[in-house]
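Q: For reference, the file upload.cif (mmCIF, C-alpha atoms) is included below:
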data_my_file
#
loop_
_atom_site.group_PDB
_atom_site.id
_atom_site.type_symbol
_atom_site.label_atom_id
_atom_site.label_comp_id
_atom_site.auth_asym_id
_atom_site.auth_seq_id
_atom_site.Cartn_x
_atom_site.Cartn_y
_atom_site.Cartn_z
ATOM 1 C CA MET A 1 18.996 -11.077 12.082
ATOM 2 C CA GLY A 2 19.124 -8.313 9.534
ATOM 3 C CA GLU A 3 17.804 -4.799 9.870
ATOM 4 C CA SER A 4 14.152 -3.904 9.474
ATOM 5 C CA SER A 5 12.780 -2.880 6.092
ATOM 6 C CA VAL A 6 14.005 0.629 5.296
ATOM 7 C CA PHE A 7 10.800 1.307 3.390
ATOM 8 C CA LEU A 8 8.451 0.407 6.243
ATOM 9 C CA THR A 9 10.592 2.307 8.734
ATOM 10 C CA ARG A 10 10.580 5.446 6.564
ATOM 11 C CA ILE A 11 6.844 5.233 5.838
ATOM 12 C CA LEU A 12 6.025 5.061 9.541
ATOM 13 C CA ASP A 13 8.356 7.977 10.248
ATOM 14 C CA VAL A 14 6.985 10.288 7.559
ATOM 15 C CA LEU A 15 3.355 9.538 8.410
ATOM 16 C CA LEU A 16 3.990 10.071 12.110
ATOM 17 C CA ASP A 17 5.970 13.282 11.590
ATOM 18 C CA GLY A 18 3.866 14.788 8.789
ATOM 19 C CA GLY A 19 1.358 16.426 11.099
ATOM 20 C CA ASP A 20 -1.272 18.582 9.420
ATOM 21 C CA GLN A 21 0.271 18.416 5.953
ATOM 22 C CA ILE A 22 -2.261 16.843 3.561
ATOM 23 C CA ALA A 23 -1.259 13.329 2.515
ATOM 24 C CA PHE A 24 -4.277 12.440 0.334
ATOM 25 C CA ALA A 25 -6.988 14.349 -1.492
ATOM 26 C CA HIS A 26 -9.762 12.136 -2.839
ATOM 27 C CA ARG A 27 -13.410 12.723 -3.803
ATOM 28 C CA GLY A 28 -13.723 16.009 -1.970
ATOM 29 C CA ARG A 29 -12.105 14.718 1.225
ATOM 30 C CA SER A 30 -8.590 15.091 2.484
ATOM 31 C CA MET A 31 -6.443 13.203 4.986
ATOM 32 C CA THR A 32 -3.559 14.755 6.838
ATOM 33 C CA TYR A 33 -0.425 12.762 7.516
ATOM 34 C CA ARG A 34 -1.504 12.438 11.147
ATOM 35 C CA GLU A 35 -4.933 11.114 10.108
ATOM 36 C CA THR A 36 -3.280 8.767 7.625
ATOM 37 C CA PHE A 37 -1.032 7.365 10.359
ATOM 38 C CA ASP A 38 -4.043 6.841 12.628
ATOM 39 C CA THR A 39 -5.944 5.086 9.827
ATOM 40 C CA LEU A 40 -2.960 2.828 9.145
ATOM 41 C CA ARG A 41 -2.743 1.958 12.837
ATOM 42 C CA ARG A 42 -6.449 1.007 12.927
ATOM 43 C CA LEU A 43 -6.167 -1.102 9.780
ATOM 44 C CA HIS A 44 -3.080 -2.821 11.163
ATOM 45 C CA ALA A 45 -4.960 -3.743 14.350
ATOM 46 C CA THR A 46 -7.932 -5.024 12.327
ATOM 47 C CA LEU A 47 -5.794 -7.193 10.058
ATOM 48 C CA LYS A 48 -3.873 -8.555 13.018
ATOM 49 C CA SER A 49 -7.126 -9.551 14.723
ATOM 50 C CA GLU A 50 -8.201 -11.271 11.503
ATOM 51 C CA GLY A 51 -5.213 -13.582 11.743
ATOM 52 C CA ILE A 52 -2.887 -12.198 9.080
ATOM 53 C CA VAL A 53 0.571 -13.492 9.919
ATOM 54 C CA PRO A 54 4.064 -13.417 8.376
ATOM 55 C CA GLY A 55 4.489 -15.298 5.126
ATOM 56 C CA GLN A 56 0.830 -15.304 4.102
ATOM 57 C CA LEU A 57 -0.288 -13.947 0.749
ATOM 58 C CA VAL A 58 -2.792 -11.104 0.907
ATOM 59 C CA ALA A 59 -4.703 -9.906 -2.155
ATOM 60 C CA ILE A 60 -5.947 -6.306 -2.313
ATOM 61 C CA THR A 61 -8.787 -5.219 -4.575
ATOM 62 C CA GLY A 62 -10.495 -1.869 -4.950
ATOM 63 C CA GLY A 63 -10.150 1.507 -6.578
ATOM 64 C CA ASN A 64 -8.027 4.573 -6.076
ATOM 65 C CA ALA A 65 -8.604 5.348 -2.419
ATOM 66 C CA PRO A 66 -6.138 6.063 0.396
ATOM 67 C CA GLU A 67 -7.186 2.849 2.103
ATOM 68 C CA THR A 68 -5.919 0.792 -0.842
ATOM 69 C CA ILE A 69 -2.301 1.745 -0.244
ATOM 70 C CA LEU A 70 -2.749 1.725 3.543
ATOM 71 C CA LEU A 71 -4.000 -1.874 3.427
ATOM 72 C CA GLN A 72 -0.788 -2.693 1.578
ATOM 73 C CA PHE A 73 1.343 -1.068 4.274
ATOM 74 C CA ALA A 74 -0.668 -2.644 7.115
ATOM 75 C CA SER A 75 -0.330 -6.122 5.610
ATOM 76 C CA GLN A 76 3.388 -5.707 5.041
ATOM 77 C CA LEU A 77 3.900 -4.477 8.600
ATOM 78 C CA LEU A 78 2.486 -7.852 9.663
ATOM 79 C CA GLY A 79 4.982 -9.657 7.451
ATOM 80 C CA ALA A 80 2.513 -10.662 4.740
ATOM 81 C CA ARG A 81 3.212 -10.636 1.018
ATOM 82 C CA VAL A 82 0.873 -8.466 -1.041
ATOM 83 C CA VAL A 83 -0.599 -8.833 -4.503
ATOM 84 C CA HIS A 84 -2.811 -6.168 -6.065
ATOM 85 C CA ILE A 85 -5.534 -7.790 -8.147
ATOM 86 C CA ASP A 86 -6.761 -5.506 -10.898
ATOM 87 C CA GLU A 87 -10.371 -5.329 -12.020
ATOM 88 C CA GLY A 88 -11.337 -8.357 -14.091
ATOM 89 C CA ARG A 89 -8.568 -10.600 -12.742
ATOM 90 C CA SER A 90 -10.463 -12.361 -9.949
ATOM 91 C CA ASP A 91 -9.328 -15.668 -11.470
ATOM 92 C CA LEU A 92 -5.933 -15.022 -9.908
ATOM 93 C CA LEU A 93 -7.353 -15.332 -6.398
ATOM 94 C CA GLU A 94 -7.673 -19.094 -6.818
ATOM 95 C CA LEU A 95 -4.642 -19.483 -9.033
ATOM 96 C CA LEU A 96 -2.351 -17.811 -6.499
ATOM 97 C CA GLU A 97 -4.013 -19.512 -3.515
ATOM 98 C CA VAL A 98 -4.197 -16.275 -1.548
ATOM 99 C CA ASP A 99 -4.814 -16.506 2.195
ATOM 100 C CA HIS A 100 -6.835 -13.312 2.593
ATOM 101 C CA VAL A 101 -8.623 -10.876 0.295
ATOM 102 C CA LEU A 102 -8.806 -7.230 1.349
ATOM 103 C CA THR A 103 -11.060 -4.730 -0.362
ATOM 104 C CA THR A 104 -11.858 -1.028 -0.240
ATOM 105 C CA ASP A 105 -15.283 -1.689 -1.749
ATOM 106 C CA PRO A 106 -17.757 -0.173 0.750
ATOM 107 C CA GLU A 107 -20.334 -2.802 -0.252
ATOM 108 C CA GLY A 108 -18.179 -5.727 0.854
ATOM 109 C CA PRO A 109 -16.373 -6.918 3.984
ATOM 110 C CA LEU A 110 -12.911 -5.518 4.609
ATOM 111 C CA VAL A 111 -11.333 -8.960 4.971
ATOM 112 C CA THR A 112 -12.266 -12.309 3.469
ATOM 113 C CA SER A 113 -10.138 -15.099 4.931
ATOM 114 C CA ARG A 114 -9.499 -18.230 2.881
ATOM 115 C CA VAL A 115 -7.628 -20.042 5.636
ATOM 116 C CA ALA A 116 -8.542 -20.789 9.221
ATOM 117 C CA ARG A 117 -8.154 -17.702 11.348
ATOM 118 C CA ALA A 118 -4.999 -17.851 13.426
ATOM 119 C CA PRO A 119 -5.146 -16.960 17.115
ATOM 120 C CA ARG A 120 -4.662 -13.268 17.768
ATOM 121 C CA ARG A 121 -1.143 -12.437 18.838
ATOM 122 C CA ASP A 122 -0.997 -9.519 21.232
ATOM 123 C CA GLU A 123 2.751 -9.416 21.614
ATOM 124 C CA GLU A 124 4.719 -6.819 19.704
ATOM 125 C CA THR A 125 6.672 -8.116 16.742
ATOM 126 C CA ALA A 126 9.672 -6.613 14.990
ATOM 127 C CA LEU A 127 9.289 -4.964 11.631
ATOM 128 C CA PRO A 128 9.854 -7.343 8.700
ATOM 129 C CA ARG A 129 13.276 -7.290 7.103
ATOM 130 C CA SER A 130 11.850 -6.911 3.604
ATOM 131 C CA ILE A 131 8.594 -6.527 1.711
ATOM 132 C CA GLU A 132 7.148 -8.103 -1.411
ATOM 133 C CA THR A 133 4.580 -6.324 -3.587
ATOM 134 C CA MET A 134 3.084 -7.987 -6.665
ATOM 135 C CA PHE A 135 0.734 -6.698 -9.346
ATOM 136 C CA SER A 136 -1.577 -8.654 -11.632
ATOM 137 C CA GLY A 137 -0.670 -6.561 -14.677
ATOM 138 C CA ASP A 138 -1.755 -7.601 -18.167
ATOM 139 C CA GLY A 139 -2.065 -11.170 -19.333
ATOM 140 C CA THR A 140 -0.895 -13.958 -17.040
ATOM 141 C CA ASN A 141 2.402 -12.532 -15.833
ATOM 142 C CA LEU A 142 2.821 -11.033 -12.378
ATOM 143 C CA VAL A 143 5.069 -8.061 -11.728
ATOM 144 C CA CYS A 144 6.961 -8.572 -8.473
ATOM 145 C CA TYR A 145 8.919 -5.897 -6.584
ATOM 146 C CA ARG A 146 11.167 -6.669 -3.646
ATOM 147 C CA ASP A 147 14.088 -4.231 -3.607
ATOM 148 C CA VAL A 148 12.522 -1.357 -5.585
ATOM 149 C CA TYR A 149 10.737 0.136 -2.584
ATOM 150 C CA GLU A 150 13.738 -0.302 -0.319
ATOM 151 C CA GLU A 151 15.919 1.671 -2.728
ATOM 152 C CA MET A 152 13.195 4.297 -3.105
ATOM 153 C CA ALA A 153 13.118 4.768 0.664
ATOM 154 C CA ARG A 154 16.882 5.242 0.760
ATOM 155 C CA THR A 155 16.981 7.864 -1.982
ATOM 156 C CA THR A 156 13.724 9.859 -1.742
ATOM 157 C CA GLN A 157 13.950 13.115 0.176
ATOM 158 C CA PRO A 158 11.527 16.029 0.650
ATOM 159 C CA ASN A 159 11.496 18.620 -2.119
ATOM 160 C CA ALA A 160 13.645 21.628 -1.307
ATOM 161 C CA GLU A 161 10.780 23.911 -2.352
ATOM 162 C CA GLY A 162 8.370 22.298 0.065
ATOM 163 C CA PRO A 163 5.548 19.750 -0.335
ATOM 164 C CA GLN A 164 4.295 19.198 -3.887
ATOM 165 C CA ARG A 165 0.873 18.147 -5.184
ATOM 166 C CA VAL A 166 1.054 14.922 -7.197
ATOM 167 C CA LEU A 167 -1.897 14.110 -9.457
ATOM 168 C CA LEU A 168 -2.250 10.349 -9.802
ATOM 169 C CA ILE A 169 -4.340 9.059 -12.695
ATOM 170 C CA ALA A 170 -2.912 5.537 -12.749
ATOM 171 C CA PRO A 171 -4.513 2.802 -10.626
ATOM 172 C CA LEU A 172 -2.869 2.042 -7.307
ATOM 173 C CA SER A 173 -3.059 -1.587 -8.436
ATOM 174 C CA HIS A 174 -0.600 -0.775 -11.241
ATOM 175 C CA PRO A 175 3.173 -0.738 -10.548
ATOM 176 C CA ILE A 176 3.603 2.847 -11.763
ATOM 177 C CA GLY A 177 0.693 4.285 -9.802
ATOM 178 C CA ASN A 178 1.697 2.376 -6.686
ATOM 179 C CA ARG A 179 5.329 3.402 -6.908
ATOM 180 C CA LEU A 180 4.500 7.075 -7.527
ATOM 181 C CA THR A 181 2.206 7.157 -4.515
ATOM 182 C CA CYS A 182 4.824 5.617 -2.242
ATOM 183 C CA LYS A 183 7.474 7.999 -3.521
ATOM 184 C CA ALA A 184 5.221 11.014 -2.974
ATOM 185 C CA LEU A 185 4.476 9.967 0.600
ATOM 186 C CA LEU A 186 8.161 9.406 1.343
ATOM 187 C CA ALA A 187 8.786 12.978 0.137
ATOM 188 C CA GLY A 188 5.977 14.398 2.285
ATOM 189 C CA ASP A 189 3.902 15.453 -0.721
ATOM 190 C CA THR A 190 0.134 15.468 -1.268
ATOM 191 C CA VAL A 191 -1.266 12.690 -3.469
ATOM 192 C CA VAL A 192 -4.351 13.805 -5.384
ATOM 193 C CA LEU A 193 -6.125 10.583 -6.321
ATOM 194 C CA HIS A 194 -7.994 10.697 -9.609
ATOM 195 C CA GLU A 195 -11.013 8.477 -10.128
ATOM 196 C CA ARG A 196 -10.143 4.914 -11.077
ATOM 197 C CA THR A 197 -9.040 4.672 -14.689
ATOM 198 C CA THR A 198 -9.844 1.684 -16.860
ATOM 199 C CA GLY A 199 -7.176 -0.865 -17.637
ATOM 200 C CA THR A 200 -3.776 -1.383 -16.082
ATOM 201 C CA GLY A 201 -1.757 0.368 -18.770
ATOM 202 C CA SER A 202 -2.561 3.907 -17.637
ATOM 203 C CA PHE A 203 0.324 6.141 -16.663
ATOM 204 C CA ALA A 204 0.438 8.728 -13.914
ATOM 205 C CA ALA A 205 0.557 12.404 -14.760
ATOM 206 C CA ALA A 206 2.640 13.867 -11.985
ATOM 207 C CA ASN A 207 5.288 16.424 -11.265
ATOM 208 C CA LEU A 208 7.813 13.694 -10.492
ATOM 209 C CA ALA A 209 10.450 13.408 -13.178
ATOM 210 C CA GLY A 210 11.749 10.152 -14.559
ATOM 211 C CA GLU A 211 8.822 7.935 -13.660
ATOM 212 C CA ALA A 212 7.140 7.494 -17.047
#
Written as structure tokens, that's how I'd like the structure from this file.

A:
Amino acid sequence: MGESSVFLTRILDVLLDGGDQIAFAHRGRSMTYRETFDTLRRLHATLKSEGIVPGQLVAITGGNAPETILLQFASQLLGARVVHIDEGRSDLLELLEVDHVLTTDPEGPLVTSRVARAPRRDEETALPRSIETMFSGDGTNLVCYRDVYEEMARTTQPNAEGPQRVLLIAPLSHPIGNRLTCKALLAGDTVVLHERTTGTGSFAAANLAGEA
């Protein structure tokens, strides 16, 4: 058996240790790192009770909200693979034969299962050894990351000048926006989520160099 995912281990550590530092600012509300960890724990329990198990493919839809990235983390903690489906690409849900659809849309259910619900497993399971994050992108090609986040977790450290504010104007469903958000959290920064931008080609305006 190999070691647990470095990325998941680091994310849990920084959220647990971040305390009252603001992790997300969105639509006039803010979430501290402690509140973010608690939200992730609740989402993890919900997804586990819905029967999400290792190896399944989970699709995430929705706008730029903290819960979008937390659903990604919660699914990956359960060993599931994740694909972010951008607006207008619902055709991929059938094409990819996803097992569950998760959404941050307040008008819809949190989880839509496309397979029979598995029995709830109450035993503790080890962290997955690796994660897989996919993005619908433009056209018919998927962007798939496996080692990118692991390397990010190994190299990202808090800013010597203290926590920074990172303005994100790219969708969390886009590789750049997703990666910037994860990097900011690993550094203990505050992610200021801009309203959802149209299209998947938008770039993030942030005070993180080398990400354009």

Q: Could you write out as a VMD selection string the residues that the PyMOL selection byres ((chain A and resi 60-63) around 7) matches in the shown file?

A: chain A and resid 58 to 59 64 to 65 68 83 to 86 101 to 105 196

Q: Name every residue that the PyMOL selection byres ((chain A and resi 146-154) around 6) selects in this structure, writing the answer as number ranges by chain with chains first and numbers rising.

A: A: 6-7, 131-132, 145, 155-156

Q: Work out how far apart CA of Arg129 in chain A and CA of Ala187 in chain A are and give it in Å to one decimal.

A: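 Taking CA of Arg129 in chain A as the start and CA of Ala187 in chain A as the end point, the length is 21.9 Å.
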
Q: Give me, please, the distance in Å between CA of Asp99 in chain A and CA of Thr112 in chain A, quoted to one decimal.

A: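 It comes out at 8.6 Å.
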
Q: If you apply the PyMOL selection byres ((chain A and resi 40) around 10) to this file, what residues do you get, as JSON, numbers by chain?

A: {"A": [12, 15, 34, 35, 36, 37, 38, 39, 41, 42, 43, 44, 45, 46, 66, 67, 69, 70, 71, 72, 73, 74, 75]}

Q: Those selected residues, please, written with C-alpha atoms and delivered as a PDB file, keeping the file's coordinate frame.

A:
ATOM      1  CA  LEU A  12       6.025   5.061   9.541  1.00  0.00           C
ATOM      2  CA  LEU A  15       3.355   9.538   8.410  1.00  0.00           C
ATOM      3  CA  ARG A  34      -1.504  12.438  11.147  1.00  0.00           C
ATOM      4  CA  GLU A  35      -4.933  11.114  10.108  1.00  0.00           C
ATOM      5  CA  THR A  36      -3.280   8.767   7.625  1.00  0.00           C
ATOM      6  CA  PHE A  37      -1.032   7.365  10.359  1.00  0.00           C
ATOM      7  CA  ASP A  38      -4.043   6.841  12.628  1.00  0.00           C
ATOM      8  CA  THR A  39      -5.944   5.086   9.827  1.00  0.00           C
ATOM      9  CA  ARG A  41      -2.743   1.958  12.837  1.00  0.00           C
ATOM     10  CA  ARG A  42      -6.449   1.007  12.927  1.00  0.00           C
ATOM     11  CA  LEU A  43      -6.167  -1.102   9.780  1.00  0.00           C
ATOM     12  CA  HIS A  44      -3.080  -2.821  11.163  1.00  0.00           C
ATOM     13  CA  ALA A  45      -4.960  -3.743  14.350  1.00  0.00           C
ATOM     14  CA  THR A  46      -7.932  -5.024  12.327  1.00  0.00           C
ATOM     15  CA  PRO A  66      -6.138   6.063   0.396  1.00  0.00           C
ATOM     16  CA  GLU A  67      -7.186   2.849   2.103  1.00  0.00           C
ATOM     17  CA  ILE A  69      -2.301   1.745  -0.244  1.00  0.00           C
ATOM     18  CA  LEU A  70      -2.749   1.725   3.543  1.00  0.00           C
ATOM     19  CA  LEU A  71      -4.000  -1.874   3.427  1.00  0.00           C
ATOM     20  CA  GLN A  72      -0.788  -2.693   1.578  1.00  0.00           C
ATOM     21  CA  PHE A  73       1.343  -1.068   4.274  1.00  0.00           C
ATOM     22  CA  ALA A  74      -0.668  -2.644   7.115  1.00  0.00           C
ATOM     23  CA  SER A  75      -0.330  -6.122   5.610  1.00  0.00           C
TER      24      SER A  75
END

Q: In Å, with one decimal, what is the gap from CA of Val192 in chain A to CA of Arg165 in chain A?

A: 6.8 Å

Q: From the list A:Leu180, A:Leu96, A:Leu78, A:Val143, which residue is nearest Pro54 in chain A when using all atoms listed in the file?

A: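 Smallest distance to Pro54 in chain A is found for A:Leu78.
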
Q: Rank nothing, just name the residue among A:Ala25, A:Ile176, A:Leu186, A:Cys144 nearest to Asn159 in chain A, using all atoms listed in the file.

A: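 Counting all atoms listed in the file, the residue closest to Asn159 in chain A is A:Leu186.
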
Q: Please provide as a VMD selection string all residues within 8 Å of Val53 in chain A, with the sequence filter that same-chain residues fewer than 3 positions apart are discarded (counting only C-alpha atoms).

A: chain A and resid 48 56 78 to 80 118

Q: For a quick check of understanding, using all atoms listed in the file, which of A:Ser130, A:Val82, A:Ser30, A:Leu93 has the smallest distance to Ser5 in chain A?

A: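 Looking only at the distances to Ser5 in chain A, the closest residue turns out to be A:Ser130.
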
Q: Taking (2.2, 18.9, -4.3) as a centre in this file's frame and 7 Å as the limit, can you find every polymer residue with an atom that close, using only C-alpha atoms, and give them as a count of residues only?

A: 6

Q: Point out the residue among A:Val98, A:Asp20, A:Gly28, A:Leu92 with the least atom-to-atom distance to Ile52 in chain A, counting all atoms listed in the file.

A: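 Smallest separation from Ile52 in chain A among the options: A:Val98.
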
Q: Smallest atom-to-atom distance to Leu172 in chain A: which of A:His100, A:Asn141, A:Ser136, A:Ile22, using only C-alpha atoms?

A: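 Closest candidate: A:Ser136.
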
Q: Using only C-alpha atoms, find the one residue out of A:Leu142, A:Leu77, A:Leu16, A:Ala23 that sits nearest to Ala184 in chain A.

A: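 Going through A:Leu142, A:Leu77, A:Leu16, A:Ala23 one by one, the smallest distance to Ala184 in chain A is for A:Ala23.
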
Q: Atoms are missing here; could range 178-193 of chain A be completed with N, CA and C atoms and written as a PDB file, in the coordinates of the input?

A:
ATOM      1  N   ASN A 178       1.328   2.759  -8.040  1.00  0.00           N
ATOM      2  CA  ASN A 178       1.697   2.376  -6.686  1.00  0.00           C
ATOM      3  C   ASN A 178       3.033   2.988  -6.295  1.00  0.00           C
ATOM      4  N   ARG A 179       3.991   2.892  -7.196  1.00  0.00           N
ATOM      5  CA  ARG A 179       5.329   3.402  -6.908  1.00  0.00           C
ATOM      6  C   ARG A 179       5.327   4.925  -6.755  1.00  0.00           C
ATOM      7  N   LEU A 180       4.574   5.617  -7.618  1.00  0.00           N
ATOM      8  CA  LEU A 180       4.500   7.075  -7.527  1.00  0.00           C
ATOM      9  C   LEU A 180       3.884   7.522  -6.205  1.00  0.00           C
ATOM     10  N   THR A 181       2.856   6.803  -5.777  1.00  0.00           N
ATOM     11  CA  THR A 181       2.206   7.157  -4.515  1.00  0.00           C
ATOM     12  C   THR A 181       3.161   6.981  -3.347  1.00  0.00           C
ATOM     13  N   CYS A 182       3.867   5.856  -3.319  1.00  0.00           N
ATOM     14  CA  CYS A 182       4.824   5.617  -2.242  1.00  0.00           C
ATOM     15  C   CYS A 182       5.932   6.668  -2.246  1.00  0.00           C
ATOM     16  N   LYS A 183       6.403   7.013  -3.422  1.00  0.00           N
ATOM     17  CA  LYS A 183       7.474   7.999  -3.521  1.00  0.00           C
ATOM     18  C   LYS A 183       7.007   9.366  -3.044  1.00  0.00           C
ATOM     19  N   ALA A 184       5.765   9.729  -3.402  1.00  0.00           N
ATOM     20  CA  ALA A 184       5.221  11.014  -2.974  1.00  0.00           C
ATOM     21  C   ALA A 184       5.076  11.077  -1.459  1.00  0.00           C
ATOM     22  N   LEU A 185       4.615   9.987  -0.850  1.00  0.00           N
ATOM     23  CA  LEU A 185       4.476   9.967   0.600  1.00  0.00           C
ATOM     24  C   LEU A 185       5.837  10.056   1.284  1.00  0.00           C
ATOM     25  N   LEU A 186       6.815   9.349   0.762  1.00  0.00           N
ATOM     26  CA  LEU A 186       8.161   9.406   1.343  1.00  0.00           C
ATOM     27  C   LEU A 186       8.724  10.822   1.299  1.00  0.00           C
ATOM     28  N   ALA A 187       8.309  11.603   0.289  1.00  0.00           N
ATOM     29  CA  ALA A 187       8.786  12.978   0.137  1.00  0.00           C
ATOM     30  C   ALA A 187       7.930  13.975   0.918  1.00  0.00           C
ATOM     31  N   GLY A 188       6.842  13.499   1.544  1.00  0.00           N
ATOM     32  CA  GLY A 188       5.977  14.398   2.285  1.00  0.00           C
ATOM     33  C   GLY A 188       5.039  15.208   1.420  1.00  0.00           C
ATOM     34  N   ASP A 189       4.766  14.734   0.210  1.00  0.00           N
ATOM     35  CA  ASP A 189       3.902  15.453  -0.721  1.00  0.00           C
ATOM     36  C   ASP A 189       2.428  15.115  -0.501  1.00  0.00           C
ATOM     37  N   THR A 190       1.566  15.756  -1.282  1.00  0.00           N
ATOM     38  CA  THR A 190       0.134  15.468  -1.268  1.00  0.00           C
ATOM     39  C   THR A 190      -0.226  14.685  -2.516  1.00  0.00           C
ATOM     40  N   VAL A 191      -0.840  13.520  -2.344  1.00  0.00           N
ATOM     41  CA  VAL A 191      -1.266  12.690  -3.469  1.00  0.00           C
ATOM     42  C   VAL A 191      -2.731  12.998  -3.763  1.00  0.00           C
ATOM     43  N   VAL A 192      -2.985  13.521  -4.943  1.00  0.00           N
ATOM     44  CA  VAL A 192      -4.351  13.805  -5.384  1.00  0.00           C
ATOM     45  C   VAL A 192      -4.798  12.616  -6.218  1.00  0.00           C
ATOM     46  N   LEU A 193      -5.704  11.821  -5.669  1.00  0.00           N
ATOM     47  CA  LEU A 193      -6.125  10.583  -6.321  1.00  0.00           C
ATOM     48  C   LEU A 193      -7.248  10.861  -7.305  1.00  0.00           C
TER      49      LEU A 193
END
